[in-house]
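Listing of target11.cif, mmCIF, C-alpha atoms
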```
data_entry
#
loop_
_atom_site.label_atom_id
_atom_site.label_comp_id
_atom_site.auth_asym_id
_atom_site.auth_seq_id
_atom_site.Cartn_x
_atom_site.Cartn_y
_atom_site.Cartn_z
CA MET O 1 3.32 10.99 -1.33
CA MET O 2 2.10 7.72 -2.83
CA THR O 3 -1.16 7.10 -4.65
CA ARG O 4 -3.19 3.91 -4.36
CA GLN O 5 -2.22 2.92 -7.91
CA GLU O 6 1.47 3.55 -7.18
CA ALA O 7 1.23 1.36 -4.08
CA LEU O 8 -0.35 -1.48 -6.05
CA ALA O 9 2.20 -1.15 -8.84
CA ALA O 10 5.15 -1.01 -6.44
CA MET O 11 3.98 -4.15 -4.64
CA GLN O 12 2.99 -5.79 -7.95
CA CYS O 13 -0.34 -6.95 -6.59
CA ASN O 14 -4.05 -6.28 -6.49
CA VAL O 15 -6.11 -4.81 -3.64
CA THR O 16 -6.87 -8.22 -2.10
CA GLN O 17 -3.21 -9.23 -2.07
CA LEU O 18 -2.11 -5.85 -0.70
CA SER O 19 -4.64 -6.04 2.11
CA LYS O 20 -3.26 -9.43 3.16
CA VAL O 21 0.34 -8.20 3.08
CA LEU O 22 -0.53 -5.12 5.15
CA GLY O 23 -2.81 -7.03 7.50
CA ILE O 24 -5.83 -4.84 6.80
CA SER O 25 -9.17 -5.33 5.07
CA THR O 26 -9.89 -4.59 1.44
CA GLN O 27 -12.55 -2.20 2.73
CA ALA O 28 -9.83 -0.19 4.50
CA ILE O 29 -7.92 0.15 1.23
CA SER O 30 -11.10 1.16 -0.61
CA GLN O 31 -11.44 4.06 1.84
CA TRP O 32 -8.01 5.43 0.89
CA LYS O 33 -8.12 8.54 -1.23
CA LYS O 34 -6.99 7.66 -4.76
CA GLU O 35 -4.49 10.52 -4.85
CA LYS O 36 -2.86 9.86 -1.45
CA ILE O 37 -2.68 6.81 0.78
CA PRO O 38 -2.27 7.10 4.57
CA LEU O 39 1.30 8.00 5.48
CA VAL O 40 1.69 5.07 7.87
CA ARG O 41 0.77 2.67 5.04
CA GLU O 42 3.20 4.39 2.69
CA TYR O 43 5.99 3.83 5.21
CA GLN O 44 4.89 0.23 5.68
CA ILE O 45 4.95 -0.43 1.93
CA LYS O 46 8.35 1.24 1.52
CA ASP O 47 9.71 -0.87 4.37
CA LEU O 48 8.35 -4.06 2.78
CA LEU O 49 9.90 -3.11 -0.56
CA ARG O 50 13.24 -2.39 1.08
CA LYS O 51 13.22 -5.82 2.76
CA LYS O 52 12.17 -7.46 -0.52
CA ASN O 53 15.13 -5.91 -2.35
CA THR O 54 17.78 -6.99 0.17
#
```
What does this structure look like when you write it as structure tokens?
Amino acid sequence: MMTRQEALAAMQCNVTQLSKVLGISTQAISQWKKEKIPLVREYQIKDLLRKKNT
């Protein structure tokens, strides 16, 4: 389970930058619960981080 803050910290970006990377609006991110982001977005972020580290 990943929080919104953990997602931003992991990607080292702000909400605007994260929305562009994920291809979604900043409004979509603002609707995420602070304590748990949508599972599909968590997988997407983890995949991006994995690709970034290879």
- prompt: How far is it from CA of Glu35 in chain O to CA of Cys13 in chain O, in Å with one decimal?
  reply: 18.0 Å
Expected selection from the PyMOL selection byres ((chain O and resi 10) around 12), given as a list of chain:residue names: O:Met2, O:Thr3, O:Arg4, O:Gln5, O:Glu6, O:Ala7, O:Leu8, O:Ala9, O:Met11, O:Gln12, O:Cys13, O:Asn14, O:Leu18, O:Glu42, O:Ile45, O:Lys46, O:Asp47, O:Leu48, O:Leu49, O:Arg50, O:Lys52, O:Asn53
task: Name the residues captured by the PyMOL selection byres ((chain O and resi 29) around 10) when it is applied to the shown file; answer as a list in words.
output: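 That selection, the PyMOL selection byres ((chain O and resi 29) around 10), comes back as Arg4, Val15, Thr16, Leu18, Ser19, Leu22, Ile24, Ser25, Thr26, Gln27, Ala28, Ser30, Gln31, Trp32, Lys33, Lys34, Ile37, Pro38 and Arg41 of chain O.
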Using only the atoms of range 23-31 of chain O listed in the file, plus 3 Å on each side, state the axis-aligned box centre and edge lengths in Å rounded to one decimal, as JSON.
```
{"center_x": -7.7, "center_y": -1.5, "center_z": 3.4, "size_x": 15.7, "size_y": 17.1, "size_z": 14.1}
```
Reconstructed range 23-45 of chain O, atom set N, CA and C atoms, as a tab-separated table (two decimals), in the frame of the given file:
```
chain	number	residue	atom	x	y	z
O	23	GLY	N	-2.04	-6.60	6.34
O	23	GLY	CA	-2.81	-7.03	7.50
O	23	GLY	C	-4.04	-6.17	7.77
O	24	ILE	N	-4.63	-5.67	6.69
O	24	ILE	CA	-5.83	-4.84	6.80
O	24	ILE	C	-6.89	-5.38	5.85
O	25	SER	N	-8.09	-4.86	5.94
O	25	SER	CA	-9.17	-5.33	5.07
O	25	SER	C	-9.14	-4.61	3.72
O	26	THR	N	-9.76	-5.24	2.74
O	26	THR	CA	-9.89	-4.59	1.44
O	26	THR	C	-10.76	-3.34	1.56
O	27	GLN	N	-11.70	-3.37	2.50
O	27	GLN	CA	-12.55	-2.20	2.73
O	27	GLN	C	-11.72	-1.01	3.21
O	28	ALA	N	-10.71	-1.27	4.03
O	28	ALA	CA	-9.83	-0.19	4.50
O	28	ALA	C	-9.11	0.45	3.32
O	29	ILE	N	-8.62	-0.38	2.41
O	29	ILE	CA	-7.92	0.15	1.23
O	29	ILE	C	-8.89	0.93	0.35
O	30	SER	N	-10.12	0.45	0.23
O	30	SER	CA	-11.10	1.16	-0.61
O	30	SER	C	-11.43	2.54	-0.05
O	31	GLN	N	-11.19	2.75	1.23
O	31	GLN	CA	-11.44	4.06	1.84
O	31	GLN	C	-10.28	5.03	1.63
O	32	TRP	N	-9.13	4.54	1.16
O	32	TRP	CA	-8.01	5.43	0.89
O	32	TRP	C	-8.38	6.37	-0.23
O	33	LYS	N	-7.94	7.60	-0.12
O	33	LYS	CA	-8.12	8.54	-1.23
O	33	LYS	C	-7.24	8.06	-2.38
O	34	LYS	N	-7.75	8.15	-3.60
O	34	LYS	CA	-6.99	7.66	-4.76
O	34	LYS	C	-5.68	8.42	-4.95
O	35	GLU	N	-5.68	9.70	-4.60
O	35	GLU	CA	-4.49	10.52	-4.85
O	35	GLU	C	-3.47	10.50	-3.72
O	36	LYS	N	-3.83	9.89	-2.56
O	36	LYS	CA	-2.86	9.86	-1.45
O	36	LYS	C	-3.28	8.80	-0.44
O	37	ILE	N	-2.39	7.84	-0.21
O	37	ILE	CA	-2.68	6.81	0.78
O	37	ILE	C	-2.22	7.30	2.16
O	38	PRO	N	-2.71	6.69	3.23
O	38	PRO	CA	-2.27	7.10	4.57
O	38	PRO	C	-0.75	6.98	4.72
O	39	LEU	N	-0.15	7.95	5.35
O	39	LEU	CA	1.30	8.00	5.48
O	39	LEU	C	1.88	6.76	6.16
O	40	VAL	N	1.20	6.26	7.18
O	40	VAL	CA	1.69	5.07	7.87
O	40	VAL	C	1.74	3.87	6.92
O	41	ARG	N	0.77	3.78	6.01
O	41	ARG	CA	0.77	2.67	5.04
O	41	ARG	C	1.86	2.87	3.99
O	42	GLU	N	2.12	4.11	3.62
O	42	GLU	CA	3.20	4.39	2.69
O	42	GLU	C	4.54	3.93	3.28
O	43	TYR	N	4.76	4.26	4.55
O	43	TYR	CA	5.99	3.83	5.21
O	43	TYR	C	6.06	2.31	5.29
O	44	GLN	N	4.93	1.68	5.59
O	44	GLN	CA	4.89	0.23	5.68
O	44	GLN	C	5.23	-0.41	4.34
O	45	ILE	N	4.68	0.10	3.26
O	45	ILE	CA	4.95	-0.43	1.93
O	45	ILE	C	6.42	-0.22	1.56
```
